[in-house]
file entry-v4.tsv (TSV, C-alpha atoms)
chain	number	residue	atom	x	y	z
A	167	MET	CA	79.13	124.50	56.58
A	168	SER	CA	78.25	126.95	59.29
A	169	VAL	CA	74.55	127.66	59.55
A	170	SER	CA	73.51	131.27	59.78
A	171	SER	CA	70.30	133.18	59.27
A	172	ALA	CA	70.10	135.22	56.11
A	173	PRO	CA	67.77	138.20	56.09
A	174	SER	CA	64.21	136.91	55.84
A	175	PRO	CA	62.71	137.36	52.36
A	176	GLU	CA	59.07	138.04	51.79
A	177	VAL	CA	57.37	134.78	52.79
A	178	GLY	CA	56.34	132.83	49.71
A	179	ALA	CA	58.20	135.10	47.29
A	180	GLN	CA	59.39	133.60	44.03
A	181	VAL	CA	63.15	133.08	43.71
A	182	GLU	CA	64.93	133.80	40.45
A	183	LEU	CA	66.84	130.78	39.20
A	184	GLY	CA	67.68	131.01	35.53
A	185	GLY	CA	64.10	131.82	34.56
A	186	LEU	CA	62.57	128.68	36.07
A	187	TYR	CA	58.96	128.79	37.19
A	188	ASN	CA	57.70	128.08	40.70
A	189	VAL	CA	60.92	128.36	42.68
A	190	ARG	CA	60.43	129.44	46.31
A	191	ASP	CA	62.44	129.74	49.50
A	192	LEU	CA	60.60	128.02	52.35
A	193	GLY	CA	62.18	130.41	54.83
A	194	GLY	CA	60.24	132.95	56.84
A	195	TYR	CA	57.32	130.87	58.06
A	196	ARG	CA	56.85	130.89	61.82
A	197	GLY	CA	57.51	127.47	63.32
A	198	GLN	CA	58.00	125.80	66.66
A	199	ASP	CA	58.28	128.09	69.70
A	200	GLY	CA	57.69	131.08	67.41
A	201	ARG	CA	61.02	130.61	65.66
A	202	ARG	CA	61.06	131.30	61.94
A	203	VAL	CA	62.26	128.89	59.29
A	204	ARG	CA	65.69	130.02	58.11
A	205	SER	CA	65.88	131.58	54.69
A	206	GLY	CA	68.47	130.56	52.13
A	207	MET	CA	68.40	126.94	53.28
A	208	LEU	CA	65.48	125.03	51.80
A	209	TYR	CA	63.95	125.60	48.38
A	210	ARG	CA	61.15	124.03	46.37
A	211	SER	CA	61.06	124.15	42.58
A	212	SER	CA	59.66	122.94	39.30
A	213	SER	CA	61.92	120.58	37.39
A	214	LEU	CA	65.56	121.59	37.20
A	215	HIS	CA	66.03	119.84	33.84
A	216	ARG	CA	64.86	123.09	32.23
A	217	LEU	CA	67.75	125.10	33.66
A	218	ARG	CA	70.28	126.19	31.05
A	219	ASP	CA	72.18	128.86	33.00
A	220	GLU	CA	75.17	127.22	34.64
A	221	GLU	CA	76.28	130.47	36.24
A	222	ALA	CA	72.86	130.95	37.84
A	223	TRP	CA	73.08	127.42	39.23
A	224	ARG	CA	76.54	128.03	40.61
A	225	ASP	CA	75.37	131.24	42.27
A	226	PHE	CA	72.34	129.42	43.70
A	227	GLY	CA	74.79	127.15	45.48
A	228	ALA	CA	72.61	124.12	46.24
A	229	ARG	CA	74.50	121.28	47.90
A	230	SER	CA	71.60	118.81	47.90
A	231	VAL	CA	69.33	118.22	44.92
A	232	VAL	CA	66.33	116.01	45.63
A	233	ASP	CA	64.54	114.74	42.52
A	234	LEU	CA	61.00	113.55	43.31
A	235	ARG	CA	60.14	112.57	39.72
A	236	TYR	CA	59.31	109.16	38.27
A	237	ASP	CA	62.07	107.18	36.52
A	238	ARG	CA	60.34	107.78	33.19
A	239	GLU	CA	60.45	111.54	33.75
A	240	ARG	CA	64.12	111.49	34.66
A	241	GLU	CA	64.88	109.49	31.51
A	242	ALA	CA	62.80	111.71	29.24
A	243	PHE	CA	64.03	114.95	30.81
A	244	PRO	CA	67.52	114.44	32.29
A	245	LEU	CA	69.21	117.05	34.42
A	246	PRO	CA	71.94	119.17	32.80
A	247	ASP	CA	75.48	117.91	33.35
A	248	PHE	CA	76.34	120.78	35.68
A	249	ILE	CA	73.73	119.63	38.24
A	250	THR	CA	75.43	116.80	40.10
A	251	HIS	CA	75.00	114.75	43.26
A	252	ASP	CA	71.24	114.56	42.87
A	253	ILE	CA	69.26	112.20	45.07
A	254	HIS	CA	66.37	110.29	43.48
A	255	ALA	CA	63.50	110.07	45.95
A	256	PRO	CA	60.30	109.39	43.96
A	257	MET	CA	57.12	110.18	45.87
A	258	LEU	CA	55.19	107.70	43.70
A	259	PRO	CA	56.42	104.56	41.89
A	260	ASN	CA	57.09	104.62	38.17
A	261	THR	CA	54.05	102.41	37.52
A	262	TRP	CA	51.57	104.65	39.37
A	263	LYS	CA	48.73	106.14	37.34
A	264	SER	CA	46.02	108.52	38.47
A	265	ASP	CA	42.36	107.55	38.16
A	266	PRO	CA	41.00	109.32	35.04
A	267	GLU	CA	37.43	109.18	36.34
A	268	ALA	CA	38.40	110.70	39.70
A	269	LYS	CA	40.14	113.50	37.82
A	270	LYS	CA	36.76	114.54	36.41
A	271	GLY	CA	35.44	115.22	39.92
A	272	PRO	CA	36.22	118.07	42.33
A	273	ALA	CA	39.89	119.04	42.17
A	274	GLU	CA	40.18	119.15	45.97
A	275	GLU	CA	38.94	115.58	46.32
A	276	PHE	CA	41.11	114.22	43.52
A	277	LEU	CA	44.31	115.89	44.70
A	278	SER	CA	43.78	114.94	48.33
A	279	ALA	CA	43.49	111.27	47.30
A	280	VAL	CA	46.70	111.57	45.26
A	281	PHE	CA	48.48	113.09	48.26
A	282	HIS	CA	47.44	110.14	50.42
A	283	SER	CA	48.89	107.80	47.78
A	284	MET	CA	52.19	109.64	48.16
A	285	LEU	CA	52.19	109.05	51.91
A	286	GLU	CA	51.50	105.35	51.40
A	287	LEU	CA	53.82	104.70	48.47
A	288	GLY	CA	56.58	107.23	49.12
A	289	GLN	CA	57.60	106.16	52.61
A	290	ASP	CA	61.14	105.12	51.68
A	291	SER	CA	61.70	108.38	49.84
A	292	VAL	CA	60.45	110.47	52.75
A	293	ARG	CA	62.80	108.61	55.10
A	294	SER	CA	65.79	109.11	52.82
A	295	VAL	CA	65.11	112.82	52.36
A	296	LEU	CA	64.74	113.41	56.09
A	297	ARG	CA	68.01	111.63	56.78
A	298	GLN	CA	69.78	113.64	54.08
A	299	LEU	CA	68.53	116.89	55.55
A	300	THR	CA	69.86	116.17	59.04
A	301	ARG	CA	73.39	116.93	57.80
A	302	SER	CA	74.53	120.55	57.94
A	303	GLU	CA	76.60	120.03	54.79
A	304	ALA	CA	73.38	119.23	52.87
A	305	TYR	CA	72.40	122.91	52.72
A	306	PRO	CA	71.30	124.83	50.79
A	307	ALA	CA	68.94	122.11	49.54
A	308	VAL	CA	66.36	122.11	46.76
A	309	PHE	CA	63.67	119.54	45.99
A	310	PHE	CA	61.52	119.37	42.89
A	311	CYS	CA	59.16	117.40	40.67
A	312	MET	CA	57.90	118.34	37.20
A	313	ALA	CA	55.72	121.32	38.09
A	314	GLY	CA	56.83	121.78	41.68
A	315	LYS	CA	53.23	121.53	42.89
A	316	ASP	CA	51.95	118.15	44.11
A	317	ARG	CA	54.87	115.84	44.95
A	318	THR	CA	56.91	118.87	45.92
A	319	GLY	CA	53.91	120.25	47.82
A	320	VAL	CA	53.48	117.11	49.91
A	321	LEU	CA	57.17	116.98	50.83
A	322	ALA	CA	57.07	120.70	51.68
A	323	ALA	CA	54.03	120.06	53.89
A	324	ILE	CA	55.87	117.27	55.72
A	325	LEU	CA	58.99	119.34	56.29
A	326	LEU	CA	57.11	122.45	57.39
A	327	SER	CA	54.97	120.37	59.76
A	328	LEU	CA	58.08	118.92	61.39
A	329	LEU	CA	59.31	122.49	61.87
A	330	GLY	CA	56.08	123.44	63.62
A	331	VAL	CA	54.62	125.58	60.82
A	332	SER	CA	50.84	125.93	61.04
A	333	GLU	CA	48.48	124.08	58.72
A	334	GLU	CA	47.15	127.45	57.57
A	335	ASP	CA	50.61	128.52	56.42
A	336	ILE	CA	51.21	125.13	54.78
A	337	ALA	CA	47.99	125.53	52.79
A	338	ASP	CA	49.04	129.09	51.88
A	339	ASP	CA	52.37	127.79	50.59
A	340	PHE	CA	50.69	125.13	48.47
A	341	GLU	CA	48.26	127.60	46.91
A	342	LEU	CA	51.11	129.85	45.80
A	343	SER	CA	52.02	127.33	43.10
A	344	GLY	CA	48.76	127.79	41.18
A	345	ASP	CA	49.50	130.79	38.97
A	346	GLN	CA	53.06	129.65	38.45
A	347	VAL	CA	52.04	126.18	37.25
A	348	VAL	CA	49.40	127.55	34.88
A	349	ALA	CA	52.01	129.90	33.42
A	350	LEU	CA	54.55	127.07	33.19
A	351	VAL	CA	52.16	124.81	31.30
A	352	ALA	CA	51.26	127.60	28.88
A	353	HIS	CA	54.98	128.16	28.30
A	354	LEU	CA	55.68	124.47	27.71
A	355	ARG	CA	52.79	123.50	25.43
A	356	THR	CA	54.88	123.88	22.29
A	357	ARG	CA	58.23	122.99	23.87
A	358	GLU	CA	58.08	119.57	25.57
A	359	ASP	CA	56.67	116.12	24.83
A	360	PHE	CA	53.03	115.88	25.89
A	361	GLU	CA	53.23	112.09	26.20
A	362	ASN	CA	55.72	112.41	29.03
A	363	HIS	CA	53.83	115.28	30.65
A	364	PRO	CA	50.58	114.21	32.32
A	365	MET	CA	50.30	117.72	33.78
A	366	MET	CA	49.91	119.16	30.28
A	367	ASN	CA	46.45	117.66	29.95
A	368	GLN	CA	45.15	118.30	33.45
A	369	PRO	CA	42.08	120.48	33.97
A	370	GLU	CA	42.96	123.99	35.06
A	371	PRO	CA	41.28	123.61	38.51
A	372	ILE	CA	43.86	120.91	39.28
A	373	LEU	CA	46.74	122.97	37.91
A	374	ARG	CA	45.61	125.87	40.10
A	375	ALA	CA	46.83	124.17	43.32
A	376	PRO	CA	43.51	124.74	45.10
A	377	ARG	CA	44.01	125.59	48.73
A	378	GLY	CA	41.09	123.36	49.65
A	379	ALA	CA	42.97	120.29	48.41
A	380	MET	CA	45.76	120.80	50.93
A	381	GLU	CA	43.29	121.73	53.68
A	382	ARG	CA	41.28	118.56	53.05
A	383	PHE	CA	44.42	116.44	52.98
A	384	LEU	CA	45.78	117.88	56.23
A	385	ALA	CA	42.43	117.43	57.98
A	386	GLU	CA	42.31	113.78	56.89
A	387	VAL	CA	45.91	113.25	57.98
A	388	ASP	CA	45.06	114.75	61.38
A	389	VAL	CA	42.35	112.10	61.81
A	390	ARG	CA	44.37	109.21	60.42
A	391	TYR	CA	47.80	109.90	61.91
A	392	GLY	CA	47.43	112.78	64.33
A	393	GLY	CA	49.04	115.10	61.75
A	394	LEU	CA	52.02	114.80	59.43
A	395	THR	CA	54.34	114.59	62.41
A	396	GLY	CA	52.37	111.50	63.45
A	397	TYR	CA	52.73	110.09	59.94
A	398	VAL	CA	56.50	110.59	60.08
A	399	ALA	CA	56.58	108.74	63.41
A	400	THR	CA	55.08	105.68	61.64
A	401	LEU	CA	58.16	105.64	59.39
A	402	ASP	CA	60.45	104.87	62.34
A	403	VAL	CA	62.01	108.31	62.05
A	404	ASP	CA	63.35	108.99	65.53
A	405	ASP	CA	63.06	112.14	67.61
A	406	GLU	CA	66.75	112.88	67.08
A	407	THR	CA	66.19	113.22	63.33
A	408	VAL	CA	63.34	115.68	63.83
A	409	GLU	CA	65.32	117.64	66.41
A	410	ALA	CA	68.29	117.82	64.03
A	411	LEU	CA	66.05	119.24	61.30
A	412	GLN	CA	64.65	121.81	63.70
A	413	SER	CA	68.11	122.80	64.90
A	414	LEU	CA	69.34	123.34	61.35
A	415	LEU	CA	66.26	124.95	59.85
A	416	LEU	CA	64.79	127.10	62.63
A	417	GLU	CA	66.31	130.37	63.71
A	418	GLU	CA	67.65	130.54	67.23
A	419	SER	CA	65.19	131.91	69.79
call {"tool": "encode", "arguments": {"input": "entry-v4.tsv", "output": "structure tokens"}}
result
Amino acid sequence: MSVSSAPSPEVGAQVELGGLYNVRDLGGYRGQDGRRVRSGMLYRSSSLHRLRDEEAWRDFGARSVVDLRYDREREAFPLPDFITHDIHAPMLPNTWKSDPEAKKGPAEEFLSAVFHSMLELGQDSVRSVLRQLTRSEAYPAVFFCMAGKDRTGVLAAILLSLLGVSEEDIADDFELSGDQVVALVAHLRTREDFENHPMMNQPEPILRAPRGAMERFLAEVDVRYGGLTGYVATLDVDDETVEALQSLLLEES
């Protein structure tokens, strides 16, 4: 696949994909050396199991599909047959459960703690995704969890950080999921199994993707690792991998 820059969309704009909620192109953000992230290359989304429009999927043209969900979610809500070659890269193990008492506290504090759990427990998945995305033939690529907010948001933060996108823009991108997730949950309340949907019963402040949660998380990561790029370095991801990502995903200067 030859990599070229498509016209930059509005940064953070929703992408139409068969009526799915919370689908966005990560292109357009300004990254390292002032270069912008290429559009039409890297997408984040809510769960693709809800997609019924095979033609829309074919037009979308994704060559890599990264599923960040638990095993139990994949079993309860399998992908349609026309979505193939998906990579399972869970950001949390199947046995992980959130602390119900912590969930009663400030949303920013609860979510930041969950995000740190992803960094600690999702190391193998982060490595595998980064290696997948160093191949030009992997693009366009899309990654998703159930709502496309938290697990997807942490992976988006890692990728954007490696591309040199500012923490302010990363927090902006996270916050954009809020209205979409609230609308998604309202849409799904009579359509999908609540027992397999922890997000259905979350307080609205958590569903809202509060900007402060990502800001708090990034500030703590700065102290603990020297930023998300420092965290990635602890995973034995070499400089060549990061440079390959930048070469593929940043526009030429």
call {"tool": "closest_residue", "arguments": {"input": "entry-v4.tsv", "among": "A:Val403, A:Glu274, A:Met380, A:Ser332", "to": "A:Gln198", "atoms": "only C-alpha atoms"}}
result
A:Ser332
call {"tool": "atom_distance", "arguments": {"input": "entry-v4.tsv", "atom1": "atom CA of A:Trp262", "atom2": "atom CA of A:Glu239"}}
result
12.6 Å
call {"tool": "residues_near_point", "arguments": {"input": "entry-v4.tsv", "point": "(60.2, 108.0, 51.9)", "cutoff": "10 Å", "atoms": "only C-alpha atoms", "output": "JSON, numbers by chain"}}
result
{"A": [255, 256, 257, 258, 284, 285, 286, 287, 288, 289, 290, 291, 292, 293, 294, 295, 296, 297, 321, 398, 401]}
call {"tool": "atom_distance", "arguments": {"input": "entry-v4.tsv", "atom1": "atom CA of A:Glu182", "atom2": "atom CA of A:Gly378"}}
result
27.6 Å
call {"tool": "closest_residue", "arguments": {"input": "entry-v4.tsv", "among": "A:Arg390, A:Arg382, A:His282, A:Arg210", "to": "A:Leu186", "atoms": "all atoms listed in the file"}}
result
A:Arg210
call {"tool": "decode", "arguments": {"input": "entry-v4.tsv", "residues": "stretch 194-215 of chain A", "atoms": "N, CA and C atoms", "output": "mmCIF file, in the first residue's frame"}}
result
data_model
loop_
_atom_site.group_PDB
_atom_site.id
_atom_site.type_symbol
_atom_site.label_atom_id
_atom_site.label_comp_id
_atom_site.auth_asym_id
_atom_site.auth_seq_id
_atom_site.Cartn_x
_atom_site.Cartn_y
_atom_site.Cartn_z
ATOM 1 N N GLY A 194 -5.245 14.754 11.578
ATOM 2 C CA GLY A 194 -5.405 16.195 11.689
ATOM 3 C C GLY A 194 -4.725 16.825 12.879
ATOM 4 N N TYR A 195 -4.481 16.051 13.945
ATOM 5 C CA TYR A 195 -3.791 16.624 15.095
ATOM 6 C C TYR A 195 -2.340 16.942 14.733
ATOM 7 N N ARG A 196 -1.834 18.022 15.293
ATOM 8 C CA ARG A 196 -0.450 18.405 15.022
ATOM 9 C C ARG A 196 0.476 17.598 15.917
ATOM 10 N N GLY A 197 1.476 16.958 15.288
ATOM 11 C CA GLY A 197 2.382 16.094 16.022
ATOM 12 C C GLY A 197 3.821 16.577 15.981
ATOM 13 N N GLN A 198 4.721 15.631 15.977
ATOM 14 C CA GLN A 198 6.148 15.936 16.061
ATOM 15 C C GLN A 198 6.597 16.829 14.908
ATOM 16 N N ASP A 199 7.441 17.818 15.258
ATOM 17 C CA ASP A 199 7.993 18.760 14.275
ATOM 18 C C ASP A 199 6.894 19.526 13.528
ATOM 19 N N GLY A 200 5.724 19.647 14.153
ATOM 20 C CA GLY A 200 4.639 20.387 13.526
ATOM 21 C C GLY A 200 3.900 19.640 12.442
ATOM 22 N N ARG A 201 4.297 18.408 12.187
ATOM 23 C CA ARG A 201 3.627 17.617 11.153
ATOM 24 C C ARG A 201 2.292 17.101 11.668
ATOM 25 N N ARG A 202 1.298 17.061 10.812
ATOM 26 C CA ARG A 202 -0.017 16.605 11.219
ATOM 27 C C ARG A 202 -0.156 15.089 11.040
ATOM 28 N N VAL A 203 -0.969 14.502 11.894
ATOM 29 C CA VAL A 203 -1.291 13.085 11.756
ATOM 30 C C VAL A 203 -2.113 12.903 10.485
ATOM 31 N N ARG A 204 -1.742 11.937 9.668
ATOM 32 C CA ARG A 204 -2.427 11.697 8.403
ATOM 33 C C ARG A 204 -3.878 11.295 8.637
ATOM 34 N N SER A 205 -4.741 11.802 7.827
ATOM 35 C CA SER A 205 -6.144 11.392 7.867
ATOM 36 C C SER A 205 -6.334 10.134 7.016
ATOM 37 N N GLY A 206 -7.423 9.438 7.275
ATOM 38 C CA GLY A 206 -7.746 8.247 6.500
ATOM 39 C C GLY A 206 -6.875 7.044 6.813
ATOM 40 N N MET A 207 -6.154 7.098 7.923
ATOM 41 C CA MET A 207 -5.229 6.023 8.272
ATOM 42 C C MET A 207 -5.611 5.288 9.551
ATOM 43 N N LEU A 208 -5.959 6.049 10.579
ATOM 44 C CA LEU A 208 -6.126 5.474 11.912
ATOM 45 C C LEU A 208 -7.456 5.949 12.494
ATOM 46 N N TYR A 209 -8.305 4.992 12.831
ATOM 47 C CA TYR A 209 -9.637 5.297 13.336
ATOM 48 C C TYR A 209 -9.860 4.645 14.697
ATOM 49 N N ARG A 210 -10.682 5.300 15.504
ATOM 50 C CA ARG A 210 -11.143 4.731 16.773
ATOM 51 C C ARG A 210 -12.661 4.600 16.703
ATOM 52 N N SER A 211 -13.209 3.601 17.425
ATOM 53 C CA SER A 211 -14.633 3.326 17.249
ATOM 54 C C SER A 211 -15.222 2.631 18.467
ATOM 55 N N SER A 212 -16.552 2.710 18.573
ATOM 56 C CA SER A 212 -17.273 1.801 19.456
ATOM 57 C C SER A 212 -17.300 0.428 18.782
ATOM 58 N N SER A 213 -17.901 -0.538 19.439
ATOM 59 C CA SER A 213 -17.770 -1.916 18.979
ATOM 60 C C SER A 213 -18.339 -2.147 17.582
ATOM 61 N N LEU A 214 -17.553 -2.816 16.774
ATOM 62 C CA LEU A 214 -17.937 -3.104 15.391
ATOM 63 C C LEU A 214 -18.934 -4.257 15.286
ATOM 64 N N HIS A 215 -19.234 -4.921 16.391
ATOM 65 C CA HIS A 215 -20.208 -6.028 16.295
ATOM 66 C C HIS A 215 -21.591 -5.503 15.919
#
